[in-house]
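Asks: File final.tsv below, TSV, C-alpha atoms:
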```tsv
chain	number	residue	atom	x	y	z
U	1	MET	CA	-23.20	-11.81	64.43
U	2	THR	CA	-22.02	-9.92	67.54
U	3	ARG	CA	-24.04	-6.81	68.27
U	4	VAL	CA	-23.31	-3.87	70.57
U	5	SER	CA	-25.84	-5.19	73.04
U	6	ASN	CA	-24.14	-8.55	73.57
U	7	TYR	CA	-20.51	-7.62	72.78
U	8	ALA	CA	-19.38	-7.19	76.38
U	9	LEU	CA	-20.81	-10.52	77.46
U	10	ASN	CA	-19.36	-12.23	74.40
U	11	ALA	CA	-15.89	-10.78	75.05
U	12	PHE	CA	-16.01	-11.79	78.70
U	13	LEU	CA	-17.01	-15.35	77.88
U	14	GLN	CA	-14.31	-15.63	75.23
U	15	SER	CA	-11.71	-14.45	77.73
U	16	GLN	CA	-12.91	-16.96	80.28
U	17	THR	CA	-12.92	-19.73	77.71
U	18	LEU	CA	-9.36	-18.99	76.65
U	19	GLY	CA	-8.33	-19.10	80.30
U	20	VAL	CA	-10.00	-22.50	80.71
U	21	GLN	CA	-8.30	-23.72	77.53
U	22	GLN	CA	-4.87	-22.66	78.84
U	23	ARG	CA	-5.47	-24.22	82.23
U	24	LEU	CA	-6.69	-27.43	80.61
U	25	ALA	CA	-3.61	-27.54	78.35
U	26	ASP	CA	-1.35	-27.05	81.40
U	27	LEU	CA	-3.12	-29.82	83.29
U	28	GLN	CA	-2.83	-32.21	80.34
U	29	ILE	CA	0.93	-31.57	80.16
U	30	GLN	CA	1.20	-32.11	83.94
U	31	ALA	CA	-0.75	-35.37	83.69
U	32	SER	CA	1.44	-36.71	80.90
U	33	SER	CA	4.81	-35.58	82.32
U	34	GLY	CA	4.10	-35.81	86.03
U	35	GLN	CA	5.74	-32.38	86.44
U	36	LYS	CA	4.10	-29.18	87.62
U	37	ALA	CA	5.93	-27.16	84.94
U	38	GLN	CA	8.58	-27.52	82.26
U	39	THR	CA	10.45	-24.33	83.26
U	40	TYR	CA	11.31	-22.56	86.50
U	41	SER	CA	8.95	-19.72	85.53
U	42	GLY	CA	6.10	-22.19	85.71
U	43	ILE	CA	6.74	-22.63	89.43
U	44	ALA	CA	8.00	-19.12	90.13
U	45	ALA	CA	6.84	-19.15	93.74
U	46	ASP	CA	8.83	-22.31	94.51
U	47	ALA	CA	11.76	-21.83	92.10
U	48	HIS	CA	14.20	-20.54	94.74
U	49	GLN	CA	13.37	-23.41	97.08
U	50	LEU	CA	13.79	-25.95	94.26
U	51	ILE	CA	17.17	-24.55	93.23
U	52	SER	CA	18.38	-24.64	96.84
U	53	LEU	CA	17.26	-28.25	97.22
U	54	GLN	CA	18.96	-29.28	93.97
U	55	VAL	CA	22.22	-27.56	94.96
U	56	ALA	CA	22.14	-29.41	98.29
U	57	GLN	CA	21.43	-32.66	96.45
U	58	ASP	CA	24.42	-32.16	94.11
U	59	GLN	CA	26.68	-31.27	97.03
U	60	THR	CA	25.59	-34.34	98.99
U	61	ALA	CA	26.18	-36.57	95.97
U	62	GLN	CA	29.70	-35.14	95.65
U	63	TYR	CA	30.38	-35.87	99.33
U	64	VAL	CA	29.25	-39.47	98.84
U	65	LYS	CA	31.45	-39.86	95.76
U	66	THR	CA	34.50	-38.38	97.51
U	67	ASN	CA	33.93	-40.48	100.61
U	68	ALA	CA	33.68	-43.67	98.55
U	69	SER	CA	37.05	-42.88	96.97
U	70	ILE	CA	38.69	-42.16	100.32
U	71	ASP	CA	37.20	-45.26	101.92
U	72	SER	CA	38.56	-47.37	99.06
U	73	ARG	CA	42.05	-46.04	99.78
U	74	LEU	CA	41.68	-46.57	103.52
U	75	THR	CA	40.44	-50.12	102.95
U	76	SER	CA	43.57	-50.92	100.97
U	77	MET	CA	45.75	-49.27	103.60
U	78	GLU	CA	44.01	-51.19	106.35
U	79	SER	CA	44.59	-54.43	104.46
U	80	SER	CA	48.28	-53.62	103.94
U	81	VAL	CA	48.86	-52.77	107.60
U	82	SER	CA	47.04	-55.95	108.65
U	83	ASP	CA	49.28	-58.00	106.35
U	84	ILE	CA	52.37	-56.24	107.71
U	85	PHE	CA	51.28	-57.15	111.25
U	86	LYS	CA	50.85	-60.81	110.26
U	87	ALA	CA	54.18	-60.92	108.41
U	88	ALA	CA	55.99	-59.33	111.37
U	89	THR	CA	54.39	-61.81	113.77
U	90	ASN	CA	55.51	-64.72	111.59
U	91	PHE	CA	59.05	-63.38	111.25
U	92	ARG	CA	59.29	-62.83	115.00
U	93	THR	CA	58.29	-66.46	115.57
U	94	LEU	CA	60.97	-67.58	113.12
U	95	LEU	CA	63.56	-65.35	114.77
U	96	LEU	CA	62.69	-66.64	118.24
U	97	ASN	CA	63.04	-70.20	116.97
U	98	ALA	CA	66.44	-69.40	115.48
U	99	GLU	CA	67.62	-67.72	118.69
U	100	ASN	CA	66.35	-70.34	121.14
U	101	ASN	CA	67.45	-73.38	119.14
U	102	ASN	CA	70.66	-71.95	117.72
U	103	ASN	CA	69.66	-73.04	114.21
U	104	ALA	CA	69.61	-69.77	112.27
U	105	GLY	CA	71.64	-71.33	109.49
U	106	ASP	CA	69.23	-74.23	109.10
U	107	LEU	CA	66.32	-71.79	108.88
U	108	SER	CA	68.12	-69.56	106.34
U	109	ILE	CA	67.22	-66.68	108.62
U	110	ASP	CA	69.02	-64.10	106.48
U	111	THR	CA	67.00	-65.12	103.40
U	112	GLU	CA	63.80	-65.05	105.46
U	113	ALA	CA	64.74	-61.56	106.70
U	114	ALA	CA	65.30	-60.38	103.12
U	115	ASN	CA	61.92	-61.78	102.10
U	116	PHE	CA	60.21	-60.16	105.08
U	117	ARG	CA	61.88	-56.80	104.36
U	118	GLN	CA	60.77	-56.94	100.73
U	119	GLN	CA	57.24	-57.94	101.74
U	120	VAL	CA	56.91	-54.95	104.07
U	121	ALA	CA	58.23	-52.66	101.34
U	122	ASN	CA	55.77	-54.07	98.80
U	123	LEU	CA	52.85	-53.60	101.17
U	124	LEU	CA	53.86	-49.99	101.83
U	125	ASN	CA	54.25	-49.38	98.08
U	126	VAL	CA	50.64	-50.35	97.39
U	127	GLN	CA	48.73	-48.31	94.78
U	128	VAL	CA	45.05	-47.56	94.26
U	129	ASP	CA	43.97	-45.84	91.04
U	130	GLY	CA	47.59	-44.98	90.30
U	131	ARG	CA	48.15	-43.35	93.71
U	132	TYR	CA	50.77	-44.55	96.18
U	133	LEU	CA	48.90	-44.60	99.48
U	134	PHE	CA	51.77	-44.32	101.95
U	135	SER	CA	53.67	-41.43	100.28
U	136	GLY	CA	51.81	-38.52	101.87
U	137	SER	CA	50.93	-35.95	99.22
U	138	ARG	CA	53.57	-37.31	96.79
U	139	THR	CA	51.13	-39.88	95.48
U	140	ASP	CA	53.08	-40.39	92.25
U	141	VAL	CA	56.23	-41.49	94.11
U	142	LYS	CA	56.89	-45.00	95.44
U	143	PRO	CA	57.45	-44.39	99.17
U	144	VAL	CA	59.88	-47.21	100.03
U	145	ASP	CA	63.22	-47.81	98.34
U	146	LEU	CA	65.38	-50.65	99.68
U	147	ASN	CA	68.46	-49.74	97.65
U	148	GLY	CA	71.63	-48.14	98.99
U	149	TRP	CA	71.22	-48.56	102.74
U	150	THR	CA	74.30	-47.91	104.84
U	151	THR	CA	75.94	-50.72	106.81
U	152	PRO	CA	74.31	-51.29	110.23
U	153	PRO	CA	76.27	-50.29	113.34
U	154	THR	CA	77.90	-52.82	115.66
U	155	LEU	CA	75.16	-54.18	117.90
U	156	THR	CA	77.34	-55.63	120.66
U	157	PRO	CA	76.73	-53.83	123.98
U	158	PRO	CA	77.54	-51.30	125.12
U	159	LEU	CA	75.77	-49.67	122.20
U	160	THR	CA	76.38	-46.17	120.95
U	161	LEU	CA	72.96	-44.58	121.31
U	162	PRO	CA	70.78	-43.58	119.71
U	163	LEU	CA	71.01	-46.20	117.00
U	164	PRO	CA	70.72	-44.64	113.52
U	165	THR	CA	67.42	-45.00	111.73
U	166	TYR	CA	66.97	-45.71	108.02
U	167	THR	CA	64.04	-43.37	107.43
U	168	ALA	CA	66.00	-40.85	105.37
U	169	GLU	CA	67.51	-43.64	103.29
U	170	TYR	CA	64.34	-45.46	102.29
U	171	TYR	CA	61.45	-42.98	102.48
U	172	LYS	CA	60.77	-41.00	99.28
U	173	GLY	CA	57.43	-39.44	100.16
U	174	ASP	CA	56.71	-36.37	102.31
U	175	SER	CA	55.25	-35.70	105.75
U	176	GLN	CA	51.96	-34.29	104.47
U	177	VAL	CA	49.02	-36.29	105.83
U	178	MET	CA	46.08	-36.19	103.43
U	179	SER	CA	42.80	-34.57	104.47
U	180	ALA	CA	39.31	-34.38	103.00
U	181	ASP	CA	35.95	-32.71	103.60
U	182	ILE	CA	33.59	-35.61	104.25
U	183	ASP	CA	30.62	-33.52	105.36
U	184	THR	CA	29.61	-29.91	105.86
U	185	SER	CA	32.10	-28.37	108.31
U	186	LEU	CA	33.73	-31.78	108.88
U	187	THR	CA	37.28	-32.39	107.65
U	188	ILE	CA	39.30	-35.46	108.55
U	189	LYS	CA	42.97	-36.26	108.18
U	190	TYR	CA	43.39	-39.76	106.90
U	191	GLY	CA	46.14	-42.15	106.02
U	192	ILE	CA	49.60	-43.08	107.26
U	193	THR	CA	52.99	-42.40	105.72
U	194	ALA	CA	55.62	-45.13	105.24
U	195	ASP	CA	58.12	-43.24	107.40
U	196	ASN	CA	56.08	-44.06	110.51
U	197	PRO	CA	58.59	-45.26	113.16
U	198	ALA	CA	56.76	-48.59	113.59
U	199	PHE	CA	57.37	-49.42	109.93
U	200	GLU	CA	60.98	-48.24	110.19
U	201	TYR	CA	61.54	-50.55	113.17
U	202	LEU	CA	60.39	-53.56	111.13
U	203	LEU	CA	62.50	-52.67	108.11
U	204	ARG	CA	65.54	-51.96	110.29
U	205	ALA	CA	65.18	-55.25	112.19
U	206	ALA	CA	64.96	-57.19	108.94
U	207	ASN	CA	67.97	-55.33	107.56
U	208	TYR	CA	70.05	-56.19	110.64
U	209	ILE	CA	69.41	-59.91	110.18
U	210	GLN	CA	69.71	-59.87	106.39
U	211	THR	CA	73.05	-58.04	106.55
U	212	ALA	CA	74.39	-60.32	109.30
U	213	GLY	CA	74.20	-63.36	107.01
U	214	PRO	CA	73.05	-66.93	107.74
U	215	THR	CA	74.37	-66.97	111.34
U	216	PRO	CA	73.61	-63.65	113.05
U	217	SER	CA	74.96	-63.10	116.54
U	218	GLN	CA	72.86	-63.29	119.69
U	219	ASP	CA	73.12	-59.51	120.03
U	220	GLU	CA	71.90	-58.95	116.48
U	221	MET	CA	68.94	-61.25	116.94
U	222	GLU	CA	67.98	-59.74	120.31
U	223	THR	CA	68.21	-56.21	118.94
U	224	ALA	CA	66.07	-57.17	115.95
U	225	LEU	CA	63.54	-58.84	118.26
U	226	SER	CA	63.30	-55.76	120.47
U	227	LEU	CA	62.55	-53.62	117.41
U	228	ILE	CA	59.89	-56.05	116.15
U	229	ASN	CA	58.27	-56.49	119.56
U	230	THR	CA	58.08	-52.73	120.07
U	231	ALA	CA	56.59	-52.23	116.59
U	232	LEU	CA	53.99	-54.91	117.35
U	233	GLY	CA	53.19	-53.41	120.75
U	234	THR	CA	54.36	-56.40	122.85
U	235	GLU	CA	57.22	-54.34	124.33
U	236	SER	CA	57.48	-50.65	125.15
U	237	GLY	CA	61.04	-50.23	124.03
U	238	ASN	CA	64.30	-51.74	125.25
U	239	ALA	CA	66.95	-49.27	126.34
U	240	ALA	CA	69.64	-51.95	126.54
U	241	ARG	CA	69.08	-52.71	122.86
U	242	GLY	CA	68.77	-49.10	121.78
U	243	THR	CA	65.05	-49.41	121.05
U	244	LEU	CA	63.09	-46.32	122.01
U	245	PRO	CA	59.40	-46.58	122.95
U	246	LEU	CA	56.87	-45.78	120.22
U	247	THR	CA	53.89	-43.50	120.56
U	248	GLN	CA	52.11	-45.55	117.88
U	249	ASP	CA	52.61	-49.26	117.18
U	250	ILE	CA	51.18	-51.29	114.29
U	251	ALA	CA	47.95	-52.02	116.17
U	252	ASP	CA	47.52	-48.29	116.87
U	253	ILE	CA	47.97	-47.57	113.16
U	254	GLN	CA	45.25	-50.10	112.35
U	255	ALA	CA	42.96	-48.46	114.91
U	256	GLN	CA	43.64	-45.01	113.45
U	257	ILE	CA	42.67	-46.16	109.97
U	258	GLY	CA	39.58	-47.84	111.40
U	259	THR	CA	38.57	-44.61	113.12
U	260	SER	CA	38.85	-42.70	109.84
U	261	ARG	CA	36.70	-45.30	108.10
U	262	SER	CA	34.15	-45.13	110.90
U	263	SER	CA	33.93	-41.33	110.54
U	264	ILE	CA	33.31	-41.71	106.82
U	265	ASP	CA	30.68	-44.39	107.42
U	266	GLN	CA	28.84	-42.15	109.88
U	267	ALA	CA	29.00	-39.22	107.46
U	268	ASN	CA	27.66	-41.37	104.64
U	269	SER	CA	24.78	-42.52	106.84
U	270	ARG	CA	23.84	-38.87	107.38
U	271	HIS	CA	24.19	-38.19	103.67
U	272	SER	CA	21.90	-41.12	102.87
U	273	ASP	CA	19.18	-39.80	105.21
U	274	PHE	CA	19.58	-36.29	103.83
U	275	GLN	CA	19.33	-37.54	100.24
U	276	ILE	CA	16.02	-39.21	101.05
U	277	TYR	CA	14.77	-35.95	102.55
U	278	LEU	CA	15.95	-33.92	99.55
U	279	THR	CA	14.49	-36.33	97.00
U	280	GLN	CA	11.10	-36.18	98.71
U	281	ASN	CA	11.08	-32.40	98.97
U	282	ILE	CA	12.20	-31.93	95.36
U	283	ALA	CA	9.43	-34.27	94.28
U	284	ASP	CA	6.90	-32.27	96.31
U	285	VAL	CA	7.97	-29.08	94.53
U	286	LYS	CA	8.29	-30.49	91.00
U	287	THR	CA	5.74	-33.26	90.64
U	288	VAL	CA	1.97	-33.52	90.70
U	289	ASP	CA	-0.51	-36.12	91.88
U	290	VAL	CA	-1.40	-37.60	88.48
U	291	ALA	CA	-4.73	-39.06	89.65
U	292	GLN	CA	-5.81	-35.72	91.11
U	293	THR	CA	-4.62	-33.92	87.97
U	294	LEU	CA	-6.66	-36.25	85.73
U	295	THR	CA	-9.72	-35.44	87.82
U	296	GLN	CA	-9.04	-31.74	87.27
U	297	VAL	CA	-8.61	-32.39	83.52
U	298	SER	CA	-12.04	-33.98	83.45
U	299	GLY	CA	-13.58	-31.05	85.32
U	300	TYR	CA	-11.99	-28.42	83.09
U	301	THR	CA	-12.98	-30.37	79.97
U	302	THR	CA	-16.63	-30.26	81.08
U	303	GLN	CA	-16.29	-26.57	81.92
U	304	LEU	CA	-14.77	-25.84	78.50
U	305	GLN	CA	-17.54	-27.69	76.69
U	306	ALA	CA	-20.12	-25.66	78.62
U	307	SER	CA	-18.30	-22.46	77.67
U	308	TYR	CA	-18.37	-23.43	74.00
U	309	MET	CA	-22.11	-24.09	74.20
U	310	THR	CA	-22.74	-20.75	75.91
U	311	LEU	CA	-20.69	-18.87	73.32
U	312	SER	CA	-22.56	-20.62	70.54
U	313	GLN	CA	-25.92	-19.65	72.00
U	314	ILE	CA	-24.90	-15.99	72.52
U	315	SER	CA	-23.64	-15.73	68.95
U	316	GLN	CA	-27.12	-16.68	67.73
U	317	LEU	CA	-28.97	-13.99	69.71
U	318	SER	CA	-30.89	-11.44	67.61
U	319	LEU	CA	-34.12	-9.45	67.80
U	320	LEU	CA	-35.65	-11.72	65.19
U	321	ASN	CA	-34.79	-14.84	67.26
U	322	TYR	CA	-36.06	-13.10	70.37
U	323	LEU	CA	-39.44	-12.25	68.69
U	324	LYS	CA	-39.82	-15.81	67.56
```
Kindly transcribe the structure held in the file into structure tokens.
Replies:
Amino acid sequence: MTRVSNYALNAFLQSQTLGVQQRLADLQIQASSGQKAQTYSGIAADAHQLISLQVAQDQTAQYVKTNASIDSRLTSMESSVSDIFKAATNFRTLLLNAENNNNAGDLSIDTEAANFRQQVANLLNVQVDGRYLFSGSRTDVKPVDLNGWTTPPTLTPPLTLPLPTYTAEYYKGDSQVMSADIDTSLTIKYGITADNPAFEYLLRAANYIQTAGPTPSQDEMETALSLINTALGTESGNAARGTLPLTQDIADIQAQIGTSRSSIDQANSRHSDFQIYLTQNIADVKTVDVAQTLTQVSGYTTQLQASYMTLSQISQLSLLNYLK
């Protein structure tokens, strides 16, 4: 029985006991889940910081995902350009052999030129995830079309300059170079379009020889060689053959793609370090030291048991018990 004389003490102890019970229940949940709270209200003081960290974590993860996709495209482009360089080198060797040994017919040089032209076109028409990589922003359009080219001009000097290009006849993409945000305040332009003059030089050279037939003239072979050499970077143009210098040869294109990939790799390295930092800080806000929490559980359990004993003893106080 609670009397007026011990009511205040009894109420105070009950309030304290309920507080200990709640704290013990919270600690038990923390120990079992490893989390400081199950809702943001449970960590009200740190909720804003936690939300900011999680937003940064999501943003960083999106950067990494985007960068992986872009790097995959650039890897395929790099491989295609490398294969184009090798194919052009091989065709140049074949063309030099045909010119120096006067055996173009024996080498079926026109057929080899047609094969080389088709190979370059196929490499420029490469797709990744349904996207044509060398079409600029028109990723649903095959960039190179070898059909319907006009007849080449007469290549016997003196030439009528400049020699016509075939860019408008074969290229179906646009001039838009793709760009992407790879990091906070860091946007890169990446990729090459199939209308790049170095590619056009190779396709034009092959077309000259293919159109000329099995025995192209010396002038046709020398003009084709000047185009190929300039595209490969072994010549800086040949005015006598109507070949203008290029600001970017095949090797430069490879280097440009490599630079884009390097920028992405550096950005991803920063993202990786930042993700480690974010993960640690989020864990510091959200999680508890389970061993320390279990020690607190033990302490509060002892405290609660003592509170129960005290309440039990107070409830038994009476004048009769006191007189005894």
Asks: Just the number, please: distance in Å from CA of Thr243 in chain U to CA of Ile84 in chain U, one decimal.
Replies: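 It comes out at 19.6 Å.
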Asks: Just the residues within 12 Å of Lys142 in chain U, please, counting only C-alpha atoms, with nothing from its chain fewer than 3 positions along; format it as a PyMOL selection string.
Replies: chain U and resi 121-127+130-139+145-146+170-174+193-194
Asks: Please determine, counting all atoms listed in the file, which residue among U:Ile276, U:Leu95, U:Ile250, U:Val144 has the shortest atom-to-atom distance to Ser226 in chain U.
Replies: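 Closest residue, counting all atoms listed in the file: U:Leu95.
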Asks: Around all of range 62-80 of chain U's listed atoms, make the axis-aligned box with 5 Å on each side and tell me centre and edge lengths in Å to one decimal, as AutoDock Vina command-line options.
Replies:
```
--center_x 38.8 --center_y -44.8 --center_z 101.0 --size_x 29.0 --size_y 29.3 --size_z 20.7
```
Asks: Rounded to one decimal, what separation in Å do you get between CA of Ala88 in chain U and CA of Asp249 in chain U?
Replies: 12.1 Å
Asks: Using CA of Glu78 in chain U and CA of Thr234 in chain U as the two end points, give the distance in Å to one decimal.
Replies: 20.2 Å
Asks: Between U:Val128, U:Ile257, U:Leu186, U:Ala87, single out the one closest to Ser69 in chain U, counting all atoms listed in the file.
Replies: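 Nearest candidate to Ser69 in chain U out of U:Val128, U:Ile257, U:Leu186, U:Ala87: U:Val128.
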Asks: Hey, which of U:Ser269, U:Ala231, U:Ile209, U:Ser52 ends up closest to Asp183 in chain U? Count only C-alpha atoms.
Replies: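 Of U:Ser269, U:Ala231, U:Ile209, U:Ser52, the one nearest Asp183 in chain U is U:Ser269, counting only C-alpha atoms.
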Asks: Pick out the residues sitting within 7 Å of range 103-118 of chain U, and hand them over as a ChimeraX atom specification; count only C-alpha atoms, and ignore anything fewer than 6 positions along from it in its own chain.
Replies: /U:87,203,206,209-210,213-215
Asks: Which residues, written as a ChimeraX atom specification, have at least one atom at most 8 Å from Pro157 in chain U, with all atoms listed in the file counted and residues fewer than 3 positions away on the same chain left out?
Replies: /U:219,240-241
